[in-house]
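**Q** To be precise about what I am sending: the file is called start.cif and holds mmCIF, C-alpha atoms.
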```cif
data_run
loop_
_atom_site.label_atom_id
_atom_site.label_comp_id
_atom_site.auth_asym_id
_atom_site.auth_seq_id
_atom_site.Cartn_x
_atom_site.Cartn_y
_atom_site.Cartn_z
CA MET A 278 -19.55 104.20 -3.90
CA ALA A 279 -18.34 103.98 -0.20
CA PRO A 280 -20.37 100.84 0.68
CA VAL A 281 -18.94 99.00 -2.29
CA THR A 282 -15.37 99.70 -1.18
CA THR A 283 -16.05 98.34 2.34
CA GLU A 284 -17.44 95.04 1.00
CA GLU A 285 -14.43 94.55 -1.29
CA ALA A 286 -12.05 95.01 1.66
CA HIS A 287 -14.04 92.48 3.73
CA PHE A 288 -13.88 89.87 1.00
CA ALA A 289 -10.10 90.41 0.69
CA GLU A 290 -9.54 89.58 4.38
CA VAL A 291 -11.32 86.17 4.20
CA PRO A 292 -8.71 84.29 2.06
CA VAL A 293 -5.88 85.60 4.25
CA SER A 294 -7.52 84.25 7.43
CA VAL A 295 -8.19 80.86 5.80
CA ALA A 296 -4.55 80.58 4.73
CA VAL A 297 -3.32 81.37 8.23
CA VAL A 298 -5.58 78.72 9.78
CA SER A 299 -4.44 76.14 7.20
CA VAL A 300 -0.77 76.83 7.90
CA PHE A 301 -1.28 76.43 11.67
CA GLY A 302 -3.23 73.18 11.11
CA LEU A 303 -0.50 71.75 8.86
CA VAL A 304 2.22 72.61 11.34
CA PHE A 305 0.24 70.97 14.15
CA SER A 306 -0.36 67.79 12.12
CA VAL A 307 3.32 67.48 11.20
CA SER A 308 4.31 67.96 14.83
CA ILE A 309 1.90 65.25 16.00
CA PHE A 310 3.13 62.83 13.31
CA ALA A 311 6.77 63.45 14.23
CA TRP A 312 6.02 62.90 17.92
CA ILE A 313 4.26 59.59 17.18
CA CYS A 314 7.20 58.38 15.06
CA CYS A 315 9.64 59.23 17.83
CA GLN A 316 7.54 57.34 20.37
CA ARG A 317 7.41 54.21 18.18
CA LYS A 318 11.15 54.36 17.56
CA ALA A 319 11.78 54.68 21.28
CA ASN A 320 9.51 51.72 22.04
CA LYS A 321 11.33 49.58 19.47
CA ALA A 322 14.69 50.49 20.95
CA SER A 323 13.52 49.55 24.45
CA ASN A 324 11.89 46.26 23.34
CA LYS A 325 14.68 45.12 21.04
CA THR A 326 14.72 41.34 20.30
CA PRO A 327 17.63 39.66 22.10
CA PRO A 328 20.22 37.82 19.99
CA TYR A 329 19.53 34.17 18.98
CA LYS A 330 15.82 34.60 19.63
CA PHE A 331 13.94 32.43 17.15
CA VAL A 332 10.89 30.24 17.02
CA HIS A 333 11.39 26.57 16.27
CA MET A 334 9.61 23.32 17.11
CA LEU A 335 11.63 20.24 17.99
CA LYS A 336 9.43 17.28 18.91
CA GLY A 337 6.79 19.56 20.37
CA VAL A 338 9.20 21.67 22.55
CA ASP A 339 9.29 25.47 22.04
CA ILE A 340 12.90 26.66 22.00
CA TYR A 341 13.42 30.12 23.53
CA PRO A 342 16.55 31.27 25.37
CA GLU A 343 14.56 32.87 28.17
CA SER A 344 12.31 29.84 28.76
CA LEU A 345 15.05 27.22 29.09
CA ASN A 346 16.54 26.34 32.44
CA GLY A 347 19.27 24.08 33.71
CA LYS A 348 21.15 22.53 30.85
CA LYS A 349 18.50 23.50 28.30
CA LYS A 350 20.40 26.67 27.29
CA PHE A 351 22.30 28.02 24.36
CA GLY A 352 25.67 27.13 25.76
CA GLY A 353 26.40 30.68 26.95
CA GLU A 354 26.47 29.54 30.56
CA LYS A 355 28.46 26.69 31.97
CA THR A 356 26.52 24.01 33.80
CA PRO A 357 27.78 21.48 36.35
CA GLU A 358 26.87 18.62 34.02
CA ALA A 359 29.34 19.92 31.45
CA HIS A 360 32.21 19.83 34.04
CA GLY A 361 33.20 23.35 33.13
CA LYS A 362 33.61 22.59 29.44
CA GLN A 363 31.61 24.27 26.75
CA SER A 364 30.58 21.99 23.86
CA LEU A 365 30.85 23.38 20.35
CA SER A 366 28.87 22.43 17.28
CA PRO A 367 30.74 20.52 14.59
CA THR A 368 29.99 23.18 11.98
CA GLY A 369 31.47 26.21 13.69
CA GLY A 370 32.31 27.98 16.89
CA ARG A 371 28.73 28.45 18.04
CA PRO A 372 27.79 26.64 21.23
CA GLU A 373 25.66 23.52 20.94
CA LEU A 374 22.05 23.47 22.08
CA HIS A 375 21.38 20.95 24.85
CA LEU A 376 17.79 19.86 25.32
CA ASP A 377 16.61 17.42 27.93
CA LEU A 378 14.43 15.38 25.59
CA GLU A 379 15.27 11.93 26.90
CA LYS A 380 12.41 11.97 29.38
CA ARG A 381 9.94 13.55 26.98
CA ASP A 382 7.60 11.92 24.49
CA LEU A 383 6.88 13.07 20.95
CA ASN A 384 4.51 15.78 22.23
CA GLY A 385 7.10 17.31 24.56
CA ASN A 386 5.49 16.03 27.75
CA PHE A 387 7.38 14.29 30.52
CA THR A 388 6.58 10.62 30.58
CA SER A 389 5.38 9.07 33.79
CA LYS A 390 5.31 5.49 34.89
CA PRO A 391 2.51 3.84 32.92
CA PRO A 392 -0.23 2.25 34.95
CA THR A 393 -0.76 -1.45 35.12
CA LEU A 394 -3.03 -2.61 32.32
CA GLN A 395 -5.58 -5.30 32.97
CA LEU A 396 -7.45 -6.43 29.88
CA LYS A 397 -9.76 -9.38 29.62
CA VAL A 398 -9.64 -10.76 26.10
CA ARG A 399 -10.95 -14.16 25.21
CA SER A 400 -9.08 -16.09 22.59
CA SER A 401 -9.12 -19.43 20.95
CA PRO A 402 -6.64 -22.09 22.09
CA ASP A 403 -4.58 -21.56 18.93
CA LEU A 404 -4.01 -17.83 19.54
CA ASP A 405 -1.31 -16.90 22.04
CA ILE A 406 -1.74 -13.39 23.45
CA PRO A 407 1.17 -12.11 25.59
CA SER A 408 0.36 -10.73 29.01
CA LEU A 409 0.36 -6.96 29.30
CA GLN A 410 1.17 -6.92 32.99
CA GLY A 411 4.59 -8.52 32.82
CA GLY A 412 6.34 -5.59 31.14
CA PHE A 413 4.81 -2.75 33.17
CA GLY A 414 4.12 -4.34 36.52
CA SER A 415 6.21 -3.54 39.57
CA GLY A 416 8.27 -6.56 40.50
CA SER A 417 11.48 -7.27 42.26
CA ASN A 418 13.48 -6.58 39.13
CA GLN A 419 13.21 -2.91 38.27
CA GLU A 420 14.72 -3.28 34.84
CA ALA A 421 11.88 -5.55 33.77
CA GLY A 422 9.38 -2.77 34.48
CA THR A 423 10.85 -0.18 32.13
CA PRO A 424 9.36 0.26 28.67
CA GLU A 425 12.81 0.00 27.07
CA SER A 426 13.42 -3.43 28.56
CA VAL A 427 9.97 -4.60 27.50
CA LEU A 428 10.54 -3.50 23.91
CA SER A 429 13.97 -5.07 23.78
CA SER A 430 12.66 -8.35 25.21
CA GLN A 431 9.73 -8.51 22.81
CA THR A 432 11.69 -7.53 19.67
CA PRO A 433 12.70 -10.73 17.85
CA THR A 434 16.12 -11.16 16.32
CA PRO A 435 16.47 -11.64 12.52
CA ALA A 436 17.18 -15.34 13.02
CA VAL A 437 13.98 -15.75 15.02
CA GLU A 438 12.02 -13.87 12.36
CA LYS A 439 13.32 -16.17 9.64
CA SER A 440 12.44 -19.26 11.64
CA GLN A 441 8.97 -17.89 12.27
CA ASP A 442 8.48 -17.23 8.55
CA LYS A 443 9.52 -20.75 7.71
CA GLU A 444 7.20 -22.24 10.28
CA GLY A 445 4.31 -20.01 9.22
CA GLY A 446 4.45 -21.16 5.62
CA LEU A 447 2.41 -18.83 3.43
CA GLY A 448 1.47 -16.44 6.23
CA THR A 449 -0.90 -16.06 9.17
CA LEU A 450 -4.47 -14.74 9.21
CA HIS A 451 -5.89 -12.93 12.26
CA PHE A 452 -9.66 -12.59 12.64
CA SER A 453 -12.47 -12.78 15.19
CA VAL A 454 -16.00 -14.21 15.29
CA GLU A 455 -19.01 -13.04 17.31
CA TYR A 456 -22.74 -13.69 17.51
CA HIS A 457 -25.24 -10.87 18.13
CA PHE A 458 -28.28 -12.42 19.85
CA GLU A 459 -30.56 -9.37 19.52
CA LYS A 460 -30.07 -9.04 15.78
CA LYS A 461 -29.60 -12.78 15.23
CA ALA A 462 -26.48 -11.99 13.26
CA PHE A 463 -23.23 -13.91 12.94
CA MET A 464 -20.30 -11.49 12.51
CA VAL A 465 -16.79 -12.15 11.23
CA HIS A 466 -14.12 -9.47 11.61
CA ILE A 467 -11.08 -9.92 9.34
CA LYS A 468 -8.31 -7.96 11.02
CA GLU A 469 -5.03 -8.56 9.19
CA ALA A 470 -2.59 -11.03 7.69
CA HIS A 471 1.16 -11.33 8.15
CA GLY A 472 4.00 -12.84 6.14
CA LEU A 473 2.17 -13.54 2.88
CA SER A 474 4.18 -15.06 0.05
CA PRO A 475 4.88 -12.67 -2.86
CA THR A 476 3.27 -13.38 -6.22
CA ASP A 477 5.21 -10.79 -8.21
CA GLU A 478 8.80 -11.99 -8.62
CA GLN A 479 10.05 -8.57 -9.75
CA SER A 480 8.75 -6.37 -6.93
CA LEU A 481 8.49 -9.25 -4.39
CA THR A 482 5.05 -8.02 -3.31
CA SER A 483 1.39 -8.93 -3.78
CA ASP A 484 -1.97 -7.19 -4.10
CA PRO A 485 -3.86 -9.34 -1.57
CA TYR A 486 -7.53 -9.63 -0.73
CA ILE A 487 -9.59 -12.32 1.01
CA LYS A 488 -12.68 -14.24 -0.06
CA LEU A 489 -14.83 -15.60 2.77
CA THR A 490 -17.37 -18.38 2.25
CA LEU A 491 -19.71 -19.96 4.79
CA LEU A 492 -19.73 -23.73 4.37
CA PRO A 493 -21.39 -26.12 3.68
CA GLU A 494 -24.12 -24.25 1.76
CA LYS A 495 -21.76 -21.76 0.00
CA LYS A 496 -24.64 -19.27 -0.18
CA HIS A 497 -22.88 -16.48 1.71
CA LYS A 498 -19.79 -15.26 -0.13
CA VAL A 499 -18.04 -11.95 0.63
CA LYS A 500 -14.62 -10.48 -0.06
CA THR A 501 -12.46 -7.68 1.27
CA ARG A 502 -10.98 -4.75 -0.61
CA VAL A 503 -7.68 -5.10 -2.47
CA LEU A 504 -4.59 -3.67 -0.75
CA ARG A 505 -1.79 -2.77 -3.13
CA LYS A 506 1.83 -3.94 -2.86
CA THR A 507 1.97 -5.36 0.64
CA LEU A 508 2.71 -8.67 2.32
CA ASP A 509 1.22 -7.61 5.67
CA PRO A 510 -2.25 -6.29 4.78
CA ALA A 511 -4.45 -4.76 7.49
CA PHE A 512 -8.03 -5.15 6.25
CA ASP A 513 -10.00 -4.36 9.43
CA GLU A 514 -13.37 -5.23 7.87
CA THR A 515 -16.47 -6.73 9.50
CA PHE A 516 -19.03 -8.91 7.71
CA SER A 517 -22.45 -9.59 9.25
CA PHE A 518 -24.60 -12.57 8.24
CA TYR A 519 -28.21 -12.10 9.36
CA GLY A 520 -30.91 -14.72 9.80
CA ILE A 521 -28.60 -17.46 11.09
CA PRO A 522 -29.85 -19.08 14.33
CA TYR A 523 -27.33 -19.54 17.11
CA ALA A 524 -27.86 -23.31 17.10
CA ARG A 525 -26.90 -23.33 13.43
CA VAL A 526 -23.52 -21.62 13.94
CA SER A 527 -21.82 -24.73 15.35
CA GLN A 528 -22.61 -26.57 12.10
CA LEU A 529 -20.87 -23.98 9.92
CA ALA A 530 -17.27 -23.63 8.79
CA LEU A 531 -15.39 -20.58 7.57
CA HIS A 532 -13.36 -20.89 4.38
CA PHE A 533 -10.83 -18.08 3.87
CA MET A 534 -9.11 -17.87 0.51
CA VAL A 535 -6.24 -15.38 0.15
CA LEU A 536 -5.73 -14.16 -3.41
CA SER A 537 -3.55 -11.63 -5.21
CA PHE A 538 -5.24 -9.31 -7.70
CA ASP A 539 -4.00 -9.52 -11.31
CA ARG A 540 -5.16 -6.88 -13.76
CA PHE A 541 -4.44 -8.93 -16.89
CA SER A 542 -5.82 -12.35 -15.99
CA ARG A 543 -7.45 -14.38 -13.27
CA ASP A 544 -6.29 -13.63 -9.76
CA GLU A 545 -3.58 -15.87 -8.33
CA VAL A 546 -4.35 -17.90 -5.22
CA ILE A 547 -1.83 -17.39 -2.39
CA GLY A 548 -3.37 -19.91 0.02
CA GLU A 549 -6.40 -20.84 2.08
CA THR A 550 -7.51 -21.90 5.54
CA LEU A 551 -10.60 -23.72 6.84
CA VAL A 552 -12.02 -22.98 10.30
CA PRO A 553 -14.81 -25.25 11.67
CA LEU A 554 -17.02 -23.57 14.28
CA ALA A 555 -18.09 -26.75 16.08
CA ASP A 556 -15.82 -26.32 19.16
CA ILE A 557 -16.10 -22.52 19.47
CA ASP A 558 -18.35 -21.05 22.18
CA LEU A 559 -19.77 -17.65 21.18
CA SER A 560 -22.16 -17.27 24.10
CA GLU A 561 -19.77 -15.11 26.14
CA GLY A 562 -18.74 -12.67 23.41
CA ARG A 563 -16.13 -12.17 20.72
CA VAL A 564 -13.48 -14.83 20.16
CA LEU A 565 -10.11 -13.88 18.69
CA MET A 566 -8.55 -16.45 16.39
CA SER A 567 -5.41 -16.96 14.33
CA ARG A 568 -4.80 -19.53 11.61
CA ASP A 569 -1.89 -20.40 9.34
CA ILE A 570 -2.45 -20.04 5.61
CA ILE A 571 -1.74 -23.30 3.81
CA LYS A 572 -1.05 -23.99 0.17
CA ARG A 573 -4.01 -24.74 -2.05
CA ASN A 574 -3.93 -27.86 -4.18
CA VAL A 575 -3.98 -26.30 -7.64
CA ARG A 576 -2.97 -28.16 -10.73
CA ARG A 577 -0.26 -26.45 -12.73
CA SER A 578 1.25 -27.24 -16.09
CA ALA A 579 3.44 -30.30 -15.77
CA GLY A 580 6.61 -29.13 -17.45
CA ARG A 581 6.75 -26.44 -20.10
CA GLY A 582 5.27 -23.45 -18.24
CA GLU A 583 2.32 -21.16 -18.95
CA LEU A 584 1.80 -18.17 -21.25
CA LEU A 585 -0.64 -15.28 -20.78
CA LEU A 586 -2.15 -13.97 -24.04
CA SER A 587 -4.70 -11.32 -24.93
CA LEU A 588 -6.55 -11.61 -28.25
CA CYS A 589 -8.89 -9.21 -30.06
CA TYR A 590 -10.57 -9.66 -33.44
CA GLN A 591 -11.67 -6.52 -35.34
CA SER A 592 -14.34 -7.63 -37.84
CA THR A 593 -14.65 -4.19 -39.45
CA THR A 594 -10.94 -3.88 -40.33
CA SER A 595 -10.27 -7.65 -40.56
CA THR A 596 -7.34 -7.51 -38.16
CA LEU A 597 -6.24 -9.78 -35.34
CA THR A 598 -4.41 -8.27 -32.36
CA VAL A 599 -2.18 -10.59 -30.33
CA VAL A 600 -0.69 -9.26 -27.07
CA VAL A 601 2.00 -11.42 -25.46
CA LEU A 602 1.79 -10.39 -21.80
CA LYS A 603 3.93 -12.71 -19.66
CA ALA A 604 4.95 -16.28 -18.87
CA ARG A 605 5.51 -18.20 -15.66
CA HIS A 606 6.86 -21.48 -14.26
CA LEU A 607 9.31 -21.95 -17.12
CA PRO A 608 11.62 -24.98 -16.83
CA LYS A 609 15.35 -24.61 -16.28
CA THR A 610 17.84 -24.98 -19.10
CA ASP A 611 20.41 -27.73 -19.61
CA SER A 612 22.92 -25.74 -17.52
CA ASN A 613 20.43 -25.85 -14.62
CA GLY A 614 19.97 -22.07 -14.70
CA PRO A 615 17.25 -19.61 -15.79
CA SER A 616 16.58 -19.34 -19.51
CA ASP A 617 16.68 -16.31 -21.81
CA PRO A 618 13.19 -16.63 -23.28
CA TYR A 619 11.42 -14.91 -26.14
CA VAL A 620 8.19 -15.66 -28.03
CA LYS A 621 7.87 -16.22 -31.76
CA VAL A 622 4.37 -15.67 -33.25
CA ASN A 623 3.44 -17.35 -36.57
CA LEU A 624 0.19 -16.63 -38.44
CA PHE A 625 -1.10 -19.47 -40.62
CA GLN A 626 -3.74 -19.31 -43.34
CA GLY A 627 -4.70 -22.92 -43.74
CA LYS A 628 -1.34 -24.74 -43.72
CA LYS A 629 0.65 -21.85 -45.11
CA ARG A 630 2.53 -19.44 -42.89
CA VAL A 631 1.77 -15.93 -44.05
CA CYS A 632 3.42 -13.81 -41.32
CA LYS A 633 5.87 -14.15 -38.45
CA LYS A 634 6.92 -11.85 -35.60
CA LYS A 635 8.83 -12.19 -32.33
CA THR A 636 9.28 -10.43 -29.00
CA HIS A 637 12.43 -9.14 -27.34
CA VAL A 638 14.65 -11.50 -25.36
CA LYS A 639 14.34 -11.43 -21.56
CA LYS A 640 17.67 -12.33 -19.98
CA CYS A 641 17.68 -14.83 -17.08
CA ALA A 642 13.94 -14.59 -16.49
CA PRO A 643 12.05 -17.69 -15.27
CA ASN A 644 8.88 -15.56 -15.18
CA PRO A 645 9.36 -13.04 -18.01
CA VAL A 646 7.06 -10.08 -18.67
CA PHE A 647 6.88 -9.14 -22.37
CA ASN A 648 3.88 -6.79 -22.84
CA GLU A 649 4.30 -6.66 -26.62
CA LEU A 650 1.51 -6.17 -29.17
CA PHE A 651 1.30 -7.56 -32.72
CA VAL A 652 -1.36 -6.75 -35.34
CA PHE A 653 -2.01 -9.14 -38.24
CA ASP A 654 -4.08 -8.36 -41.36
CA LEU A 655 -6.59 -11.08 -42.31
CA PRO A 656 -8.40 -11.81 -45.57
CA SER A 657 -11.70 -9.95 -45.47
CA GLU A 658 -13.72 -12.83 -46.93
CA ASP A 659 -12.58 -15.71 -44.72
CA GLY A 660 -11.95 -13.92 -41.40
CA LEU A 661 -10.90 -16.37 -38.70
CA ARG A 662 -12.37 -19.45 -40.30
CA ASP A 663 -9.13 -20.88 -41.74
CA THR A 664 -6.75 -18.81 -39.59
CA SER A 665 -4.60 -20.15 -36.77
CA VAL A 666 -1.85 -18.68 -34.61
CA GLU A 667 1.19 -20.60 -33.41
CA LEU A 668 3.27 -19.32 -30.50
CA LEU A 669 6.70 -20.77 -29.77
CA LEU A 670 8.48 -19.97 -26.52
CA LEU A 671 12.18 -20.30 -27.25
CA ASP A 672 15.48 -19.94 -25.42
CA SER A 673 17.96 -17.56 -27.07
CA ASP A 674 20.92 -19.38 -25.55
CA ARG A 675 22.76 -20.97 -28.46
CA THR A 676 24.40 -23.60 -26.29
CA SER A 677 21.00 -25.06 -25.40
CA ARG A 678 20.20 -28.38 -27.06
CA THR A 679 16.45 -27.77 -27.01
CA PRO A 680 15.80 -24.10 -27.91
CA VAL A 681 12.01 -24.61 -27.96
CA ILE A 682 10.68 -24.42 -24.40
CA GLY A 683 6.98 -24.81 -25.24
CA ARG A 684 4.42 -24.52 -28.02
CA LEU A 685 0.84 -23.21 -28.21
CA LEU A 686 -1.57 -23.44 -31.16
CA LEU A 687 -4.72 -21.29 -31.30
CA GLY A 688 -7.42 -22.08 -33.83
CA THR A 689 -10.91 -23.38 -34.41
CA SER A 690 -9.91 -27.03 -33.94
CA SER A 691 -7.65 -26.42 -30.92
CA PRO A 692 -8.61 -28.43 -27.81
CA GLY A 693 -8.98 -27.19 -24.25
CA THR A 694 -8.42 -23.59 -23.21
CA ALA A 695 -6.89 -22.60 -26.56
CA GLY A 696 -10.05 -23.58 -28.44
CA GLU A 697 -12.30 -21.82 -25.91
CA HIS A 698 -10.24 -18.65 -26.18
CA TRP A 699 -10.43 -18.69 -29.98
CA ARG A 700 -14.20 -19.24 -30.01
CA GLU A 701 -14.70 -16.38 -27.52
CA ILE A 702 -12.95 -13.83 -29.73
CA CYS A 703 -14.96 -15.06 -32.71
CA ASP A 704 -18.25 -14.66 -30.83
CA HIS A 705 -17.29 -11.31 -29.28
CA PRO A 706 -15.45 -9.15 -31.83
CA ARG A 707 -13.81 -5.87 -30.75
CA ARG A 708 -13.38 -7.26 -27.23
CA GLN A 709 -9.96 -7.84 -25.68
CA ILE A 710 -9.93 -11.26 -23.95
CA ALA A 711 -6.95 -12.55 -21.92
CA LYS A 712 -6.31 -16.12 -20.74
CA TRP A 713 -3.52 -18.28 -19.35
CA HIS A 714 -2.47 -21.20 -21.58
CA ALA A 715 -0.43 -24.25 -20.68
CA LEU A 716 2.43 -24.81 -23.11
CA SER A 717 2.99 -28.24 -24.62
CA GLU A 718 6.14 -29.91 -25.86
CA ASP A 719 7.23 -29.37 -29.42
#
```
Written as structure tokens, how would this file's structure read?
**A**
Amino acid sequence: MAPVTTEEAHFAEVPVSVAVVSVFGLVFSVSIFAWICCQRKANKASNKTPPYKFVHMLKGVDIYPESLNGKKKFGGEKTPEAHGKQSLSPTGGRPELHLDLEKRDLNGNFTSKPPTLQLKVRSSPDLDIPSLQGGFGSGSNQEAGTPESVLSSQTPTPAVEKSQDKEGGLGTLHFSVEYHFEKKAFMVHIKEAHGLSPTDEQSLTSDPYIKLTLLPEKKHKVKTRVLRKTLDPAFDETFSFYGIPYARVSQLALHFMVLSFDRFSRDEVIGETLVPLADIDLSEGRVLMSRDIIKRNVRRSAGRGELLLSLCYQSTTSTLTVVVLKARHLPKTDSNGPSDPYVKVNLFQGKKRVCKKKTHVKKCAPNPVFNELFVFDLPSEDGLRDTSVELLLLDSDRTSRTPVIGRLLLGTSSPGTAGEHWREICDHPRRQIAKWHALSED
């Protein structure tokens, strides 16, 4: 039994030794952790962030109290420029931050005297390009060489701008022409246009684009993209016409037509310009040109204005949809002022009026926008055969002697555009078709 007792005593000593080692290890780990924490706390206390230290960007300049010198400080020190006075911010008693940003650009760099620019640009006789050396060259007058004086001298006054707009008419088109001899290609670069006349009387803007046609053949026709709501569009588009011999270029002419995009009807023409190429020499390279946009000779309705309508005939449901979109060029009233127009829509079956509807009144609107939809039920057997629609544009002013501004009749026997519009909706049911119509007298 003695050996058994010795083994039991040996096994009893093992857990005690393990526990002692574990306790010593835990104490050592806690001591190490506490020492590390104390070291970190001491480092933080020694490297404490000074007051007012923050990171901010002002026109590309990093603002730190320790990196600023001279008068670029947080007002804690008095500088000679301040004459011993410390400036305070308007919001409180904190000193104001002074930064020497007058001689810096938007990137925070100190500007230096710009070098003299010498550019050789050929231009047509009609395009005046100002010299780039006059504003930056070193002359006897030092004020003329500073960028501020150049900008002030080149900036036109409002009176000059108005006179330029009046002289320019409908705007100015800037473009360039060039001939590539290796590719045998004639290239036209449409750069931009300035001072276009607005076609939308409400927003006083346009959605311009340009159609370019090579005359006299009219085989090459291209157009630019539409730019929304601008009177100074920058197209910056190049069109290349291949297979045109250089001897043939002098016989061509460029026809630019400036239009405004209209989602509901045909696009409205702003103006046009014609550029003959007979006196232009393209042998030395690109030629910059500028032309005034002139008014196009377009016939308009003689007196009563125009009305934009959209019609749609549903053969399956036997319904006629009439959308009164807008009107333009309405005559003035007896009081020589704008009218208060509205549209009255009458549906006739034969000679009998079967339905009538009207739009809302638009106060003092020479070019009103209605955007109102009317749906009329038609007899299923007859359809549009004996149906006609009468539209009366009236003035709601009771003092007016002639309340009817204009009249439009749409039907099978209607002449001109009204008859064509009616036949189109008959031939193409379920299709919405919009057209401008000239109004006639009552």
**Q** Can you work out the spacing between atom CA of Val503 of chain A and atom CA of Val535 of chain A in Å, to one decimal?
**A** 10.7 Å
**Q** Can you measure atom CA of Ala715 of chain A to atom CA of Leu584 of chain A for me? One decimal in Å is fine.
**A**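 Atom-to-atom, atom CA of Ala715 of chain A and atom CA of Leu584 of chain A are spaced 6.5 Å apart.
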**Q** Which residues come within 8 Å of Glu718 of chain A, counting all atoms listed in the file, excluding same-chain residues fewer than 6 positions away, as a list in words?
**A**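 Close residues of Glu718 of chain A: Arg581, Ile682, Gly683 and Arg684 of chain A.
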**Q** Generate the output file for the selected residues, C-alpha atoms, as a PDB file, in the frame of the given file.
**A**
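Listing of out29.pdb after writing:
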```pdb
ATOM      1  CA  ARG A 581       6.750 -26.440 -20.100  1.00  0.00           C
ATOM      2  CA  ILE A 682      10.680 -24.420 -24.400  1.00  0.00           C
ATOM      3  CA  GLY A 683       6.980 -24.810 -25.240  1.00  0.00           C
ATOM      4  CA  ARG A 684       4.420 -24.520 -28.020  1.00  0.00           C
TER       5      ARG A 684
END
```
**Q** Find the residue from A:Ser560, A:Thr501, A:Leu716, A:Leu586 that sits nearest to Leu607 of chain A; use all atoms listed in the file when measuring.
**A**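 Residue with the minimum atom-to-atom distance to Leu607 of chain A: A:Leu716.
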**Q** Can you pull out every residue within 9 Å of segment 596-601 of chain A, counting only C-alpha atoms, but drop anything in the same chain fewer than 4 positions away, and send it as a ChimeraX atom specification?
**A** /A:584-592,620,622,636,646-657,660-661,709,711
**Q** For the atom pair atom CA of Leu481 of chain A and atom CA of Leu504 of chain A, what is the interatomic distance in Å to one decimal place?
**A** 14.7 Å
**Q** Kindly provide, as AutoDock Vina command-line options, the centre and edge lengths (Å, one decimal) of an axis-aligned box around all atoms of segment 514-520 of chain A given in the file, with 5 Å on each side.
**A**
```
--center_x -22.1 --center_y -10.0 --center_z 8.8 --size_x 27.5 --size_y 19.5 --size_z 12.1
```
**Q** With a distance cut-off of 10 Å and all atoms listed in the file, select the neighbouring residues of Leu450 of chain A, excluding the residue or stretch itself and same-chain residues fewer than 4 positions from it, and output the selection as a JSON list (two decimals) with C-alpha atoms, in the coordinates of the input.
**A**
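As written to disk, result_15.json reads:
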```
[["chain", "number", "residue", "atom", "x", "y", "z"],
["A", 467, "ILE", "CA", -11.08, -9.92, 9.34],
["A", 468, "LYS", "CA", -8.31, -7.96, 11.02],
["A", 469, "GLU", "CA", -5.03, -8.56, 9.19],
["A", 470, "ALA", "CA", -2.59, -11.03, 7.69],
["A", 471, "HIS", "CA", 1.16, -11.33, 8.15],
["A", 472, "GLY", "CA", 4.00, -12.84, 6.14],
["A", 473, "LEU", "CA", 2.17, -13.54, 2.88],
["A", 487, "ILE", "CA", -9.59, -12.32, 1.01],
["A", 509, "ASP", "CA", 1.22, -7.61, 5.67],
["A", 510, "PRO", "CA", -2.25, -6.29, 4.78],
["A", 533, "PHE", "CA", -10.83, -18.08, 3.87],
["A", 535, "VAL", "CA", -6.24, -15.38, 0.15],
["A", 549, "GLU", "CA", -6.40, -20.84, 2.08],
["A", 550, "THR", "CA", -7.51, -21.90, 5.54],
["A", 566, "MET", "CA", -8.55, -16.45, 16.39],
["A", 567, "SER", "CA", -5.41, -16.96, 14.33],
["A", 568, "ARG", "CA", -4.80, -19.53, 11.61],
["A", 569, "ASP", "CA", -1.89, -20.40, 9.34],
["A", 570, "ILE", "CA", -2.45, -20.04, 5.61]]
```
**Q** Can you work out which one of A:Leu492, A:Val465, A:Met534, A:Val304 has the shortest atom-to-atom distance to Asp513 of chain A, counting all atoms listed in the file?
**A**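 That would be A:Val465, the residue with the smallest distance to Asp513 of chain A.
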**Q** Name the residues that the PyMOL selection byres ((chain A and resi 516) around 10) picks from the file above, as number ranges by chain, using the file's chain letters and numbers.
**A** A: 454, 462-467, 489, 499-501, 514-515, 517-519
**Q** Pick the closest to Glu459 of chain A from A:Gly302, A:Gly582, A:Gly696, A:Pro522: which is it, counting only C-alpha atoms?
**A**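 Going through A:Gly302, A:Gly582, A:Gly696, A:Pro522 one by one, the smallest distance to Glu459 of chain A is for A:Pro522.
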**Q** Evaluate the PyMOL selection byres ((chain A and resi 699) around 10) on the structure here and hand back the selected residues as a PyMOL selection string.
**A** chain A and resi 588-590+661+665-666+687-691+694-698+700-704+710
**Q** As a PyMOL selection string, please: the residues near Asp674 of chain A (cut-off 8 Å, only C-alpha atoms, same-chain neighbours under 4 positions excluded).
**A** chain A and resi 616-617+680
**Q** If the PyMOL selection byres ((chain A and resi 528) around 8) is run on the structure shown, which residues does it catch, given as an NGL selection string?
**A** :A and (524-527 or 529-530 or 553-555)
**Q** What would segment 525-529 of chain A look like with N, CA and C atoms in place, written as an mmCIF file, in the frame of the given file?
**A**
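Final output, saved to selection-v6.cif:
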```
data_model
loop_
_atom_site.group_PDB
_atom_site.id
_atom_site.type_symbol
_atom_site.label_atom_id
_atom_site.label_comp_id
_atom_site.auth_asym_id
_atom_site.auth_seq_id
_atom_site.Cartn_x
_atom_site.Cartn_y
_atom_site.Cartn_z
ATOM 1 N N ARG A 525 -27.420 -22.971 14.743
ATOM 2 C CA ARG A 525 -26.900 -23.330 13.430
ATOM 3 C C ARG A 525 -25.419 -22.991 13.270
ATOM 4 N N VAL A 526 -24.907 -22.098 14.101
ATOM 5 C CA VAL A 526 -23.520 -21.620 13.940
ATOM 6 C C VAL A 526 -22.527 -22.751 14.132
ATOM 7 N N SER A 527 -22.769 -23.640 15.077
ATOM 8 C CA SER A 527 -21.820 -24.730 15.350
ATOM 9 C C SER A 527 -21.703 -25.702 14.184
ATOM 10 N N GLN A 528 -22.660 -25.679 13.247
ATOM 11 C CA GLN A 528 -22.610 -26.570 12.100
ATOM 12 C C GLN A 528 -21.894 -25.942 10.893
ATOM 13 N N LEU A 529 -21.492 -24.681 11.040
ATOM 14 C CA LEU A 529 -20.870 -23.980 9.920
ATOM 15 C C LEU A 529 -19.350 -24.098 9.984
#
```
